[in-house]
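**Student:** So here's work_14.csv, just CSV, C-alpha atoms and all ligand atoms:
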chain,number,residue,atom,x,y,z
A,13,MET,CA,-14.2,-22.5,-14.2
A,14,ASN,CA,-13.7,-26.2,-14.5
A,15,ARG,CA,-10.5,-28.0,-14.0
A,16,ARG,CA,-9.6,-28.2,-17.7
A,17,GLN,CA,-10.2,-24.5,-18.2
A,18,PHE,CA,-8.0,-23.9,-15.1
A,19,MET,CA,-5.2,-25.9,-16.6
A,20,GLY,CA,-5.5,-23.9,-19.8
A,21,ALA,CA,-5.4,-20.7,-17.9
A,22,ALA,CA,-2.4,-21.8,-15.9
A,23,ALA,CA,-0.5,-22.6,-19.1
A,24,ALA,CA,-1.4,-19.2,-20.6
A,25,GLY,CA,-0.1,-17.5,-17.4
A,26,THR,CA,3.2,-19.3,-17.7
A,27,ALA,CA,3.6,-18.2,-21.3
A,28,ILE,CA,3.0,-14.6,-20.4
A,29,LEU,CA,5.8,-14.8,-17.9
A,30,ALA,CA,8.4,-15.5,-20.5
A,31,ARG,CA,9.3,-11.9,-20.6
A,32,PRO,CA,10.3,-11.2,-16.9
A,33,LEU,CA,12.4,-14.3,-17.1
A,34,THR,CA,14.6,-12.8,-19.8
A,35,THR,CA,14.6,-9.2,-18.6
A,36,ARG,CA,15.4,-9.8,-14.9
A,37,GLY,CA,17.3,-12.2,-12.8
A,38,ALA,CA,14.2,-13.7,-11.2
A,39,SER,CA,11.2,-15.0,-13.1
A,40,PHE,CA,8.6,-14.0,-10.5
A,41,ASP,CA,8.3,-11.3,-7.8
A,42,LEU,CA,7.0,-13.7,-5.2
A,43,ILE,CA,6.4,-17.4,-4.8
A,44,ILE,CA,4.4,-18.8,-1.9
A,45,ARG,CA,5.8,-22.3,-1.7
A,46,GLY,CA,4.4,-25.6,-0.5
A,47,GLY,CA,1.2,-24.6,1.2
A,48,ARG,CA,-2.2,-26.3,0.8
A,49,VAL,CA,-3.9,-24.1,-1.7
A,50,ILE,CA,-7.7,-24.1,-1.1
A,51,ASP,CA,-9.5,-22.1,-3.8
A,52,PRO,CA,-13.1,-23.1,-4.2
A,53,SER,CA,-13.4,-20.9,-7.3
A,54,LEU,CA,-11.0,-23.4,-9.0
A,55,ARG,CA,-12.2,-26.4,-7.0
A,56,LEU,CA,-8.7,-26.8,-5.9
A,57,SER,CA,-7.4,-28.2,-2.6
A,58,ALA,CA,-3.8,-29.5,-3.1
A,59,ILE,CA,-0.2,-28.7,-2.2
A,60,ARG,CA,0.8,-26.0,-4.7
A,61,ASP,CA,3.3,-23.2,-5.3
A,62,VAL,CA,1.7,-19.8,-6.1
A,63,ALA,CA,3.7,-17.5,-8.2
A,64,ILE,CA,3.1,-13.8,-8.4
A,65,ALA,CA,4.3,-11.2,-11.0
A,66,GLY,CA,3.3,-7.7,-11.6
A,67,GLY,CA,0.7,-7.8,-8.8
A,68,ARG,CA,-1.2,-10.7,-10.3
A,69,ILE,CA,-1.3,-14.4,-9.9
A,70,ALA,CA,1.1,-15.8,-12.5
A,71,ALA,CA,1.0,-19.5,-11.9
A,72,VAL,CA,-0.4,-22.1,-9.5
A,73,GLU,CA,1.5,-25.4,-10.0
A,74,ALA,CA,2.5,-28.5,-8.1
A,75,SER,CA,6.1,-27.5,-8.0
A,76,LEU,CA,7.7,-24.4,-9.6
A,77,ALA,CA,11.3,-24.7,-10.4
A,78,ALA,CA,11.5,-21.0,-11.1
A,79,ASP,CA,13.2,-18.3,-9.1
A,80,ALA,CA,11.6,-15.3,-7.3
A,81,VAL,CA,12.7,-12.1,-5.7
A,82,GLU,CA,10.9,-13.1,-2.6
A,83,THR,CA,9.6,-16.4,-1.2
A,84,ILE,CA,7.1,-17.3,1.5
A,85,ASP,CA,7.5,-20.7,3.0
A,86,ALA,CA,3.9,-21.9,3.5
A,87,ARG,CA,4.6,-25.5,4.3
A,88,GLY,CA,2.0,-26.6,6.9
A,89,ARG,CA,-0.2,-23.6,6.1
A,90,LEU,CA,-3.3,-23.0,4.0
A,91,VAL,CA,-3.0,-20.6,1.1
A,92,VAL,CA,-6.4,-19.2,0.2
A,93,PRO,CA,-7.6,-16.2,-1.8
A,94,GLY,CA,-7.6,-13.0,0.2
A,95,LEU,CA,-10.6,-12.8,2.5
A,96,LEU,CA,-13.5,-10.6,1.6
A,97,ASP,CA,-15.6,-9.3,4.5
A,98,ILE,CA,-19.0,-8.2,3.4
A,99,HIS,CA,-20.2,-6.7,6.8
A,100,THR,CA,-17.6,-4.7,8.8
A,101,HIS,CA,-17.4,-1.3,10.4
A,102,TYR,CA,-13.8,-0.9,9.4
A,103,ALA,CA,-14.5,2.6,8.1
A,104,ARG,CA,-15.2,3.9,11.6
A,105,GLU,CA,-11.5,4.4,12.3
A,106,LYS,CA,-8.6,4.7,10.1
A,107,GLU,CA,-7.0,1.7,11.8
A,108,GLY,CA,-9.9,-0.6,10.8
A,109,PRO,CA,-8.7,-1.5,7.3
A,110,LEU,CA,-5.2,-2.2,8.6
A,111,VAL,CA,-6.4,-4.5,11.3
A,112,GLY,CA,-8.5,-6.4,8.7
A,113,LEU,CA,-5.5,-6.6,6.3
A,114,SER,CA,-3.3,-8.2,8.9
A,115,ASP,CA,-6.1,-10.8,9.5
A,116,GLY,CA,-6.1,-11.7,5.8
A,117,VAL,CA,-8.9,-9.4,4.7
A,118,THR,CA,-8.1,-7.9,1.3
A,119,GLY,CA,-11.5,-6.4,0.6
A,120,TRP,CA,-14.3,-5.1,2.9
A,121,ILE,CA,-17.6,-3.4,3.0
A,122,ASP,CA,-18.5,-1.0,5.8
A,123,ALA,CA,-22.1,-1.8,6.5
A,124,GLY,CA,-23.9,1.4,7.4
A,125,SER,CA,-21.6,3.0,10.1
A,126,GLN,CA,-22.7,6.4,8.8
A,127,GLY,CA,-25.7,8.0,7.0
A,128,ALA,CA,-26.0,11.0,4.8
A,129,ASP,CA,-24.9,13.5,7.4
A,130,ARG,CA,-21.4,12.2,7.8
A,131,ILE,CA,-20.9,9.9,4.8
A,132,ALA,CA,-17.7,11.7,3.8
A,133,ASP,CA,-16.0,10.2,6.9
A,134,PRO,CA,-16.2,6.4,6.0
A,135,VAL,CA,-15.8,7.3,2.3
A,136,ALA,CA,-12.4,9.0,3.1
A,137,ILE,CA,-11.3,5.9,5.0
A,138,ALA,CA,-12.3,3.7,2.2
A,139,ARG,CA,-10.5,5.9,-0.3
A,140,SER,CA,-7.2,5.8,1.7
A,141,ALA,CA,-7.4,2.1,2.7
A,142,PRO,CA,-4.7,-0.2,1.3
A,143,GLN,CA,-7.2,-2.8,0.1
A,144,PRO,CA,-10.5,-2.2,-1.8
A,145,GLY,CA,-13.0,-0.9,0.8
A,146,ARG,CA,-16.5,0.2,0.0
A,147,VAL,CA,-19.4,1.7,2.0
A,148,LEU,CA,-23.1,1.1,2.5
A,149,ILE,CA,-24.9,4.2,3.5
A,150,ASN,CA,-27.2,3.9,6.5
A,151,ILE,CA,-30.7,5.0,5.5
A,152,GLY,CA,-30.8,6.8,8.8
A,153,ARG,CA,-29.1,10.1,8.1
A,154,GLY,CA,-27.3,10.1,11.5
A,155,GLY,CA,-25.8,6.7,11.0
A,156,ILE,CA,-25.7,4.2,13.9
A,157,LEU,CA,-27.3,6.0,16.9
A,158,PRO,CA,-27.5,4.7,20.5
A,159,ASP,CA,-31.2,5.7,20.6
A,160,GLY,CA,-32.0,4.0,17.3
A,161,ASP,CA,-31.0,5.1,13.8
A,162,THR,CA,-34.5,5.5,12.5
A,163,MET,CA,-36.7,5.5,15.6
A,164,GLU,CA,-37.6,9.0,14.4
A,165,ILE,CA,-38.8,8.2,10.9
A,166,GLY,CA,-37.7,11.6,9.6
A,167,ARG,CA,-34.1,10.4,9.9
A,168,ALA,CA,-34.8,7.9,7.0
A,169,ASP,CA,-34.4,10.8,4.6
A,170,VAL,CA,-34.6,9.7,1.0
A,171,GLY,CA,-33.5,13.0,-0.5
A,172,ALA,CA,-30.4,13.3,1.8
A,173,ALA,CA,-29.3,9.7,1.1
A,174,LYS,CA,-29.7,10.1,-2.7
A,175,GLU,CA,-27.7,13.3,-2.6
A,176,ALA,CA,-24.9,11.7,-0.5
A,177,ILE,CA,-24.7,8.7,-2.9
A,178,ALA,CA,-24.6,11.0,-5.9
A,179,ARG,CA,-21.6,12.8,-4.3
A,180,HIS,CA,-19.8,9.5,-3.6
A,181,ARG,CA,-21.0,7.2,-6.3
A,182,ASP,CA,-17.6,5.5,-6.7
A,183,LEU,CA,-17.4,4.3,-3.1
A,184,VAL,CA,-21.0,3.9,-1.9
A,185,VAL,CA,-22.2,0.6,-3.2
A,186,GLY,CA,-25.4,0.0,-1.4
A,187,VAL,CA,-27.9,1.0,1.3
A,188,LYS,CA,-28.1,-0.4,4.8
A,189,ALA,CA,-31.4,-0.6,6.7
A,190,ARG,CA,-31.1,-1.7,10.4
A,191,LEU,CA,-34.5,-2.9,11.3
A,192,SER,CA,-34.4,-4.3,14.8
A,193,ASN,CA,-36.9,-3.0,17.4
A,194,ALA,CA,-34.2,-1.1,19.2
A,195,VAL,CA,-33.1,0.6,16.0
A,196,ALA,CA,-36.2,1.2,13.9
A,197,GLY,CA,-39.1,0.4,16.3
A,198,ALA,CA,-42.4,0.1,14.5
A,199,ASN,CA,-40.9,2.0,11.5
A,200,ASP,CA,-39.2,-1.1,10.1
A,201,VAL,CA,-41.3,-1.6,6.9
A,202,GLU,CA,-41.3,2.1,6.1
A,203,VAL,CA,-37.6,2.4,6.7
A,204,LEU,CA,-37.0,-0.5,4.3
A,205,ARG,CA,-39.3,0.9,1.7
A,206,ARG,CA,-37.3,4.2,1.8
A,207,ALA,CA,-34.0,2.3,1.6
A,208,GLN,CA,-35.3,0.6,-1.5
A,209,GLU,CA,-36.4,3.9,-3.0
A,210,VAL,CA,-32.9,5.3,-2.6
A,211,ALA,CA,-31.1,2.1,-3.7
A,212,SER,CA,-33.2,1.6,-6.8
A,213,ALA,CA,-32.5,5.1,-8.0
A,214,PHE,CA,-28.8,4.0,-8.4
A,215,ASN,CA,-29.4,0.3,-9.1
A,216,LEU,CA,-27.8,-0.7,-5.8
A,217,PRO,CA,-28.5,-3.5,-3.4
A,218,VAL,CA,-30.0,-3.0,0.1
A,219,MET,CA,-28.6,-4.9,3.1
A,220,ILE,CA,-31.1,-5.5,5.9
A,221,HIS,CA,-30.1,-6.2,9.4
A,222,MET,CA,-32.8,-8.7,10.5
A,223,GLY,CA,-33.8,-10.2,13.8
A,224,GLN,CA,-35.8,-8.9,16.8
A,225,THR,CA,-38.0,-6.8,14.5
A,226,VAL,CA,-41.5,-5.5,15.2
A,227,SER,CA,-42.8,-6.7,11.8
A,228,PRO,CA,-42.8,-10.3,10.8
A,229,LEU,CA,-39.8,-11.3,8.7
A,230,PRO,CA,-41.9,-12.2,5.6
A,231,ARG,CA,-43.3,-8.7,5.6
A,232,LEU,CA,-39.7,-7.4,5.2
A,233,LEU,CA,-38.5,-10.1,2.8
A,234,GLU,CA,-41.2,-9.3,0.3
A,235,LEU,CA,-39.6,-5.9,-0.1
A,236,LEU,CA,-36.2,-7.4,-1.1
A,237,LYS,CA,-35.1,-7.7,-4.7
A,238,PRO,CA,-32.5,-10.1,-6.2
A,239,GLY,CA,-29.0,-9.1,-5.1
A,240,ASP,CA,-30.1,-7.7,-1.8
A,241,ILE,CA,-28.6,-9.0,1.4
A,242,VAL,CA,-30.0,-10.3,4.6
A,243,THR,CA,-27.4,-9.9,7.3
A,244,HIS,CA,-27.4,-11.6,10.8
A,245,LEU,CA,-29.2,-14.7,9.4
A,246,PHE,CA,-28.8,-16.6,12.7
A,247,ALA,CA,-30.5,-13.8,14.8
A,248,PRO,CA,-32.6,-15.3,17.6
A,249,PRO,CA,-36.3,-14.5,17.8
A,250,PRO,CA,-38.5,-12.6,17.7
A,251,ASN,CA,-38.6,-12.9,13.9
A,252,SER,CA,-35.8,-15.3,13.1
A,253,ILE,CA,-35.6,-17.3,9.9
A,254,ILE,CA,-37.1,-20.4,11.5
A,255,ASP,CA,-40.5,-21.0,13.0
A,256,ASP,CA,-41.2,-22.5,16.4
A,257,SER,CA,-41.0,-26.0,15.1
A,258,GLY,CA,-37.6,-25.4,13.6
A,259,ARG,CA,-38.6,-25.1,9.9
A,260,ILE,CA,-37.1,-22.4,7.7
A,261,LEU,CA,-39.8,-20.0,6.8
A,262,PRO,CA,-41.1,-20.6,3.2
A,263,GLU,CA,-40.6,-16.9,2.5
A,264,VAL,CA,-36.9,-17.2,3.4
A,265,LEU,CA,-36.5,-20.1,1.0
A,266,ALA,CA,-38.3,-18.1,-1.7
A,267,ALA,CA,-36.0,-15.1,-1.1
A,268,ARG,CA,-32.9,-17.2,-1.6
A,269,ARG,CA,-34.4,-18.8,-4.7
A,270,ARG,CA,-34.9,-15.3,-6.2
A,271,GLY,CA,-31.3,-14.3,-5.5
A,272,VAL,CA,-31.3,-12.7,-2.1
A,273,TRP,CA,-28.1,-13.4,-0.2
A,274,PHE,CA,-27.9,-14.6,3.4
A,275,ASP,CA,-24.9,-13.4,5.5
A,276,VAL,CA,-23.7,-14.2,9.0
A,277,ALA,CA,-22.2,-10.9,10.5
A,278,ASN,CA,-20.9,-12.3,13.8
A,279,GLY,CA,-21.0,-9.0,15.8
A,280,ARG,CA,-21.2,-8.7,19.5
A,281,ASN,CA,-24.8,-8.4,20.7
A,282,GLY,CA,-28.1,-10.1,19.6
A,283,HIS,CA,-27.0,-11.7,16.4
A,284,VAL,CA,-25.5,-15.2,17.1
A,285,ARG,CA,-26.7,-17.7,19.6
A,286,TRP,CA,-25.2,-21.2,19.4
A,287,ASP,CA,-28.5,-23.1,19.7
A,288,MET,CA,-30.0,-21.1,16.9
A,289,VAL,CA,-27.0,-21.6,14.7
A,290,GLU,CA,-27.2,-25.4,15.4
A,291,ARG,CA,-30.9,-25.6,14.6
A,292,ILE,CA,-30.6,-23.6,11.4
A,293,MET,CA,-27.5,-25.4,10.2
A,294,GLN,CA,-29.2,-28.7,10.8
A,295,THR,CA,-32.0,-27.8,8.3
A,296,GLY,CA,-29.3,-27.4,5.6
A,297,PHE,CA,-30.0,-23.7,5.2
A,298,TRP,CA,-26.3,-22.5,5.3
A,299,PRO,CA,-25.0,-19.0,4.9
A,300,ASP,CA,-23.9,-17.6,1.5
A,301,THR,CA,-21.3,-15.4,3.1
A,302,LEU,CA,-19.5,-15.3,6.4
A,303,SER,CA,-18.6,-11.9,7.8
A,304,THR,CA,-17.4,-10.4,11.1
A,305,ASP,CA,-19.4,-7.2,11.7
A,306,GLY,CA,-16.1,-6.3,13.2
A,307,ASN,CA,-14.1,-3.1,13.7
A,308,SER,CA,-10.6,-2.2,14.9
A,309,MET,CA,-11.6,-3.2,18.5
A,310,SER,CA,-12.8,-6.7,17.6
A,311,ARG,CA,-9.8,-8.6,18.8
A,312,THR,CA,-11.0,-8.2,22.4
A,313,THR,CA,-14.6,-9.3,21.5
A,314,GLY,CA,-15.9,-12.7,20.4
A,315,VAL,CA,-15.1,-11.8,16.8
A,316,ILE,CA,-11.3,-11.7,17.3
A,317,ASP,CA,-10.6,-12.0,13.5
A,318,PHE,CA,-12.2,-13.3,10.3
A,319,PRO,CA,-10.4,-16.7,10.5
A,320,ASN,CA,-11.8,-17.1,14.0
A,321,VAL,CA,-15.4,-16.4,12.7
A,322,MET,CA,-14.8,-19.0,9.9
A,323,SER,CA,-13.6,-21.5,12.5
A,324,LYS,CA,-17.0,-21.3,14.3
A,325,PHE,CA,-18.7,-22.8,11.2
A,326,LEU,CA,-16.2,-25.7,11.1
A,327,MET,CA,-17.6,-26.5,14.5
A,328,PHE,CA,-21.1,-26.7,12.9
A,329,GLY,CA,-20.2,-29.0,10.2
A,330,MET,CA,-18.9,-26.9,7.3
A,331,THR,CA,-15.7,-28.0,5.7
A,332,VAL,CA,-12.6,-25.8,5.4
A,333,ASP,CA,-13.4,-25.5,1.6
A,334,GLN,CA,-16.9,-24.4,2.4
A,335,VAL,CA,-15.9,-21.7,4.9
A,336,VAL,CA,-13.2,-20.5,2.5
A,337,ALA,CA,-15.8,-20.3,-0.3
A,338,CYS,CA,-18.1,-18.2,2.0
A,339,ALA,CA,-15.3,-15.8,2.6
A,340,THR,CA,-14.0,-15.5,-1.0
A,341,VAL,CA,-15.7,-16.6,-4.2
A,342,ASN,CA,-19.2,-16.3,-2.8
A,343,VAL,CA,-18.6,-12.7,-1.8
A,344,SER,CA,-17.2,-11.9,-5.2
A,345,ARG,CA,-20.6,-12.4,-6.6
A,346,VAL,CA,-22.4,-10.0,-4.2
A,347,PHE,CA,-20.6,-6.7,-4.9
A,348,PRO,CA,-19.1,-5.8,-8.3
A,349,VAL,CA,-16.0,-4.3,-6.7
A,350,PHE,CA,-15.0,-7.9,-5.8
A,351,ARG,CA,-15.9,-9.5,-9.1
A,352,ASP,CA,-12.3,-10.4,-10.1
A,353,ARG,CA,-11.2,-11.2,-6.5
A,354,GLY,CA,-11.9,-14.1,-4.2
A,355,THR,CA,-9.9,-16.4,-6.5
A,356,LEU,CA,-6.3,-17.4,-7.2
A,357,ASN,CA,-7.0,-17.8,-10.9
A,358,VAL,CA,-4.1,-16.9,-13.1
A,359,GLY,CA,-4.4,-13.2,-14.0
A,360,ALA,CA,-6.4,-12.3,-10.9
A,361,PRO,CA,-5.1,-9.6,-8.5
A,362,ALA,CA,-2.6,-11.3,-6.2
A,363,ASP,CA,-4.5,-11.0,-3.0
A,364,VAL,CA,-3.7,-14.0,-0.8
A,365,ALA,CA,-4.4,-15.0,2.8
A,366,VAL,CA,-2.0,-17.5,4.4
A,367,LEU,CA,-3.8,-19.3,7.3
A,368,GLU,CA,-2.9,-21.8,9.9
A,369,LEU,CA,-5.4,-24.6,10.7
A,370,ARG,CA,-4.7,-25.9,14.2
A,371,ASP,CA,-6.2,-29.0,15.8
A,372,GLY,CA,-7.0,-28.8,19.5
A,373,ARG,CA,-9.7,-27.6,21.8
A,374,PHE,CA,-10.8,-24.1,21.1
A,375,GLU,CA,-13.6,-22.2,22.9
A,376,PHE,CA,-15.9,-20.1,20.9
A,377,VAL,CA,-18.3,-17.6,22.5
A,378,ASP,CA,-21.6,-16.5,20.9
A,379,ASN,CA,-23.3,-13.1,21.5
A,380,TYR,CA,-24.9,-14.3,24.7
A,381,ASN,CA,-21.8,-15.5,26.5
A,382,ASN,CA,-22.5,-19.2,25.7
A,383,MET,CA,-19.4,-21.2,25.1
A,384,ARG,CA,-18.9,-24.1,22.7
A,385,THR,CA,-15.7,-26.1,22.1
A,386,GLY,CA,-14.5,-26.8,18.6
A,387,GLY,CA,-11.7,-29.1,17.5
A,388,GLN,CA,-10.1,-26.8,14.9
A,389,ARG,CA,-9.3,-23.2,14.6
A,390,LEU,CA,-8.0,-21.1,11.7
A,391,PHE,CA,-5.4,-18.4,12.5
A,392,PRO,CA,-4.1,-15.6,10.3
A,393,SER,CA,-0.6,-16.2,9.3
A,394,GLY,CA,0.2,-13.8,6.5
A,395,THR,CA,-1.3,-11.5,3.9
A,396,VAL,CA,-0.3,-10.7,0.4
A,397,LEU,CA,-2.1,-7.7,-1.2
A,398,GLY,CA,-1.5,-6.9,-4.9
A,399,GLY,CA,1.5,-9.1,-4.8
A,400,LYS,CA,3.1,-7.4,-1.8
A,401,ARG,CA,3.7,-9.1,1.4
A,402,ILE,CA,2.0,-7.3,4.3
A,403,PRO,CA,3.9,-7.2,7.7
A,404,ARG,CA,1.8,-8.6,10.5
A,405,ALA,CA,0.4,-5.8,12.7
B,1,ZN,ZN,-23.0,-4.2,11.6
Using the file provided, produce a representation of the structure as structure tokens.
**Tutor:**
Amino acid sequence: MNRRQFMGAAAAGTAILARPLTTRGASFDLIIRGGRVIDPSLRLSAIRDVAIAGGRIAAVEASLAADAVETIDARGRLVVPGLLDIHTHYAREKEGPLVGLSDGVTGWIDAGSQGADRIADPVAIARSAPQPGRVLINIGRGGILPDGDTMEIGRADVGAAKEAIARHRDLVVGVKARLSNAVAGANDVEVLRRAQEVASAFNLPVMIHMGQTVSPLPRLLELLKPGDIVTHLFAPPPNSIIDDSGRILPEVLAARRRGVWFDVANGRNGHVRWDMVERIMQTGFWPDTLSTDGNSMSRTTGVIDFPNVMSKFLMFGMTVDQVVACATVNVSRVFPVFRDRGTLNVGAPADVAVLELRDGRFEFVDNYNNMRTGGQRLFPSGTVLGGKRIPRA
């Protein structure tokens, strides 16, 4: 949407609100006042008031004279669309979605915590989560296993996975294939082939966990279709996205051109090493989406929270607008469940993250205990979900 369309939409939103004004004392349910609204979907970065009515964004204007039942004072804060985390393990415990929500996460995907055998567990957590949560089924029927999800190829059970998806078609939105040597060994290509067989039967995407694979990355990428996702894009060798001379592999560039997404997934072990991030970012090959690979325990790891993961990329040259885009509007294009989210457009569900951007010296740790110091860090400061203010956990 361009600026003119946005102004038109804002005017339409105001017109719709004539009714609450006359039927109740207050014209809006909630106004978030005076924050810097950063919404890349609207190309907006300016001080704005955000008004919410009936669980939807009702107006985004420089200064709203109207009254509201409740007000959030966001002066000195950033007001951004609710964060969408495309790679989490929030469906491992029932606390996961709540931890995410208090960090500003208003939509999440559980990336393969469970396979066919126990798919009902993450599905139940997704179903009862306050915010939209969806599940990728691990192609390994036992889910994430300490001795490797698909080290035994029989665990990549196409029939079992198809049956599980058919039973939970509303909440299972893709297939996860973890392909590292320690997870799939030399089975990586066959595991991915089976994941695609399952996914294509339901017209769903596959997310591959890349890095430290037995097979060369191009051999895996050639099995990906438009809409599939490569997660852990900064994974160190063997089989990273760059060659020894620091050039992005042509097959990686070709995959992006045909519509394969590249996602960060911070995680804890083996995925992010600062020198790799630096080399890859310097080539100009930047992530489509940021994500935490987090769970309810992540506050004590290097992940901490989604805004902290976003802050790491400020350190590597992305702007605040760019990291917000990678946590909002970009994600809305990847999974249909998020299609009308990741935006503060008038009429959209009123999911909002209020963040604080602090200047200072902040230490960020990678997955190898290397430390780098950045000059800015984003902190979660408040969440609004469906127009309701969420108490900080
Ligand atoms: Zn993961």
**Student:** Enter the distance from atom CA of Gly306 of chain A to atom CA of Gly124 of chain A, in Å, rounded to one decimal.
**Tutor:**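 Separation between atom CA of Gly306 of chain A and atom CA of Gly124 of chain A: 12.4 Å.
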**Student:** I'd like the interatomic distance between atom CA of Ile131 of chain A and atom CA of Ser303 of chain A, to a tenth of an Å.
**Tutor:**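 Interatomic distance here is 22.1 Å.
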**Student:** Which residue out of A:Ala65, A:Ile292, A:Ile165, A:Leu261 has the minimum interatomic distance to Arg153 of chain A when all atoms listed in the file are used?
**Tutor:**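 Checking each of A:Ala65, A:Ile292, A:Ile165, A:Leu261 against Arg153 of chain A, counting all atoms listed in the file, the winner is A:Ile165.
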**Student:** Just want the residues within 9 Å of ligand ZN 1 (chain B), written as a ChimeraX atom specification, counting all atoms listed in the file.
**Tutor:** /A:99-101,122-125,190,221,243-244,277-279,304-306
**Student:** Name all residues at most 9 Å from Gly394 of chain A (count all atoms listed in the file; drop same-chain ones fewer than 2 positions away) and give them as a tab-separated table (two decimals) with C-alpha atoms, in the coordinates of the input.
**Tutor:**
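Printed below is around.tsv as written:
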chain	number	residue	atom	x	y	z
A	114	SER	CA	-3.30	-8.20	8.90
A	115	ASP	CA	-6.10	-10.80	9.50
A	116	GLY	CA	-6.10	-11.70	5.80
A	364	VAL	CA	-3.70	-14.00	-0.80
A	365	ALA	CA	-4.40	-15.00	2.80
A	366	VAL	CA	-2.00	-17.50	4.40
A	367	LEU	CA	-3.80	-19.30	7.30
A	392	PRO	CA	-4.10	-15.60	10.30
A	396	VAL	CA	-0.30	-10.70	0.40
A	401	ARG	CA	3.70	-9.10	1.40
A	402	ILE	CA	2.00	-7.30	4.30
A	403	PRO	CA	3.90	-7.20	7.70
A	404	ARG	CA	1.80	-8.60	10.50
**Student:** Got a sec: who's within 10 Å of Asp378 of chain A, counting only C-alpha atoms, leaving out chain neighbours fewer than 3 positions off, as a JSON list (two decimals) with C-alpha atoms, in the coordinates of the input?
**Tutor:**
[["chain", "number", "residue", "atom", "x", "y", "z"],
["A", 278, "ASN", "CA", -20.90, -12.30, 13.80],
["A", 279, "GLY", "CA", -21.00, -9.00, 15.80],
["A", 280, "ARG", "CA", -21.20, -8.70, 19.50],
["A", 281, "ASN", "CA", -24.80, -8.40, 20.70],
["A", 282, "GLY", "CA", -28.10, -10.10, 19.60],
["A", 283, "HIS", "CA", -27.00, -11.70, 16.40],
["A", 284, "VAL", "CA", -25.50, -15.20, 17.10],
["A", 285, "ARG", "CA", -26.70, -17.70, 19.60],
["A", 286, "TRP", "CA", -25.20, -21.20, 19.40],
["A", 287, "ASP", "CA", -28.50, -23.10, 19.70],
["A", 289, "VAL", "CA", -27.00, -21.60, 14.70],
["A", 314, "GLY", "CA", -15.90, -12.70, 20.40],
["A", 315, "VAL", "CA", -15.10, -11.80, 16.80],
["A", 324, "LYS", "CA", -17.00, -21.30, 14.30],
["A", 381, "ASN", "CA", -21.80, -15.50, 26.50],
["A", 382, "ASN", "CA", -22.50, -19.20, 25.70],
["A", 383, "MET", "CA", -19.40, -21.20, 25.10],
["A", 384, "ARG", "CA", -18.90, -24.10, 22.70]]
**Student:** For atom CA of Leu95 of chain A and atom CA of Asn150 of chain A, determine how far apart the two atoms are, in Å to one decimal place.
**Tutor:** 23.9 Å
**Student:** Please identify all polymer residues lying at most 10 Å from the point (-5.9, -27.7, -4.9) (file coordinates), using only C-alpha atoms, and present the result as a PyMOL selection string.
**Tutor:** chain A and resi 47-52+54-60+72-74+91-92
**Student:** Please save C-alpha atoms of the selected residues as a CSV table (one decimal), in the coordinates of the input.
**Tutor:**
chain,number,residue,atom,x,y,z
A,47,GLY,CA,1.2,-24.6,1.2
A,48,ARG,CA,-2.2,-26.3,0.8
A,49,VAL,CA,-3.9,-24.1,-1.7
A,50,ILE,CA,-7.7,-24.1,-1.1
A,51,ASP,CA,-9.5,-22.1,-3.8
A,52,PRO,CA,-13.1,-23.1,-4.2
A,54,LEU,CA,-11.0,-23.4,-9.0
A,55,ARG,CA,-12.2,-26.4,-7.0
A,56,LEU,CA,-8.7,-26.8,-5.9
A,57,SER,CA,-7.4,-28.2,-2.6
A,58,ALA,CA,-3.8,-29.5,-3.1
A,59,ILE,CA,-0.2,-28.7,-2.2
A,60,ARG,CA,0.8,-26.0,-4.7
A,72,VAL,CA,-0.4,-22.1,-9.5
A,73,GLU,CA,1.5,-25.4,-10.0
A,74,ALA,CA,2.5,-28.5,-8.1
A,91,VAL,CA,-3.0,-20.6,1.1
A,92,VAL,CA,-6.4,-19.2,0.2
**Student:** If we count all atoms listed in the file and set the cut-off at 9 Å, which residues sit around Gly354 of chain A, ignoring sequence neighbours fewer than 2 positions away in its own chain? Please answer as a VMD selection string.
**Tutor:** chain A and resid 51 53 92 to 96 337 339 to 344 350 to 352 356 360 363 to 364
**Student:** Closest to Lys400 of chain A among A:Gln143, A:Phe328, A:Gly155, A:Gly119, using all atoms listed in the file?
**Tutor:**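 That would be A:Gln143, the residue with the smallest distance to Lys400 of chain A.
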**Student:** Could you name the residues that touch Ile254 of chain A at 12 Å or less, counting all atoms listed in the file, but leaving out those on the same chain fewer than 2 positions away, as a ChimeraX atom specification?
**Tutor:** /A:223,228-230,245-252,256-265,288-295,297
**Student:** So that I can see what lies close to segment 182-184 of chain A, please list as a VMD selection string the residues with an atom at most 10 Å from it, counting all atoms listed in the file and leaving out residues fewer than 4 positions away in the same chain.
**Tutor:** chain A and resid 121 to 122 131 134 to 136 138 to 139 144 to 149 176 to 178 216 349
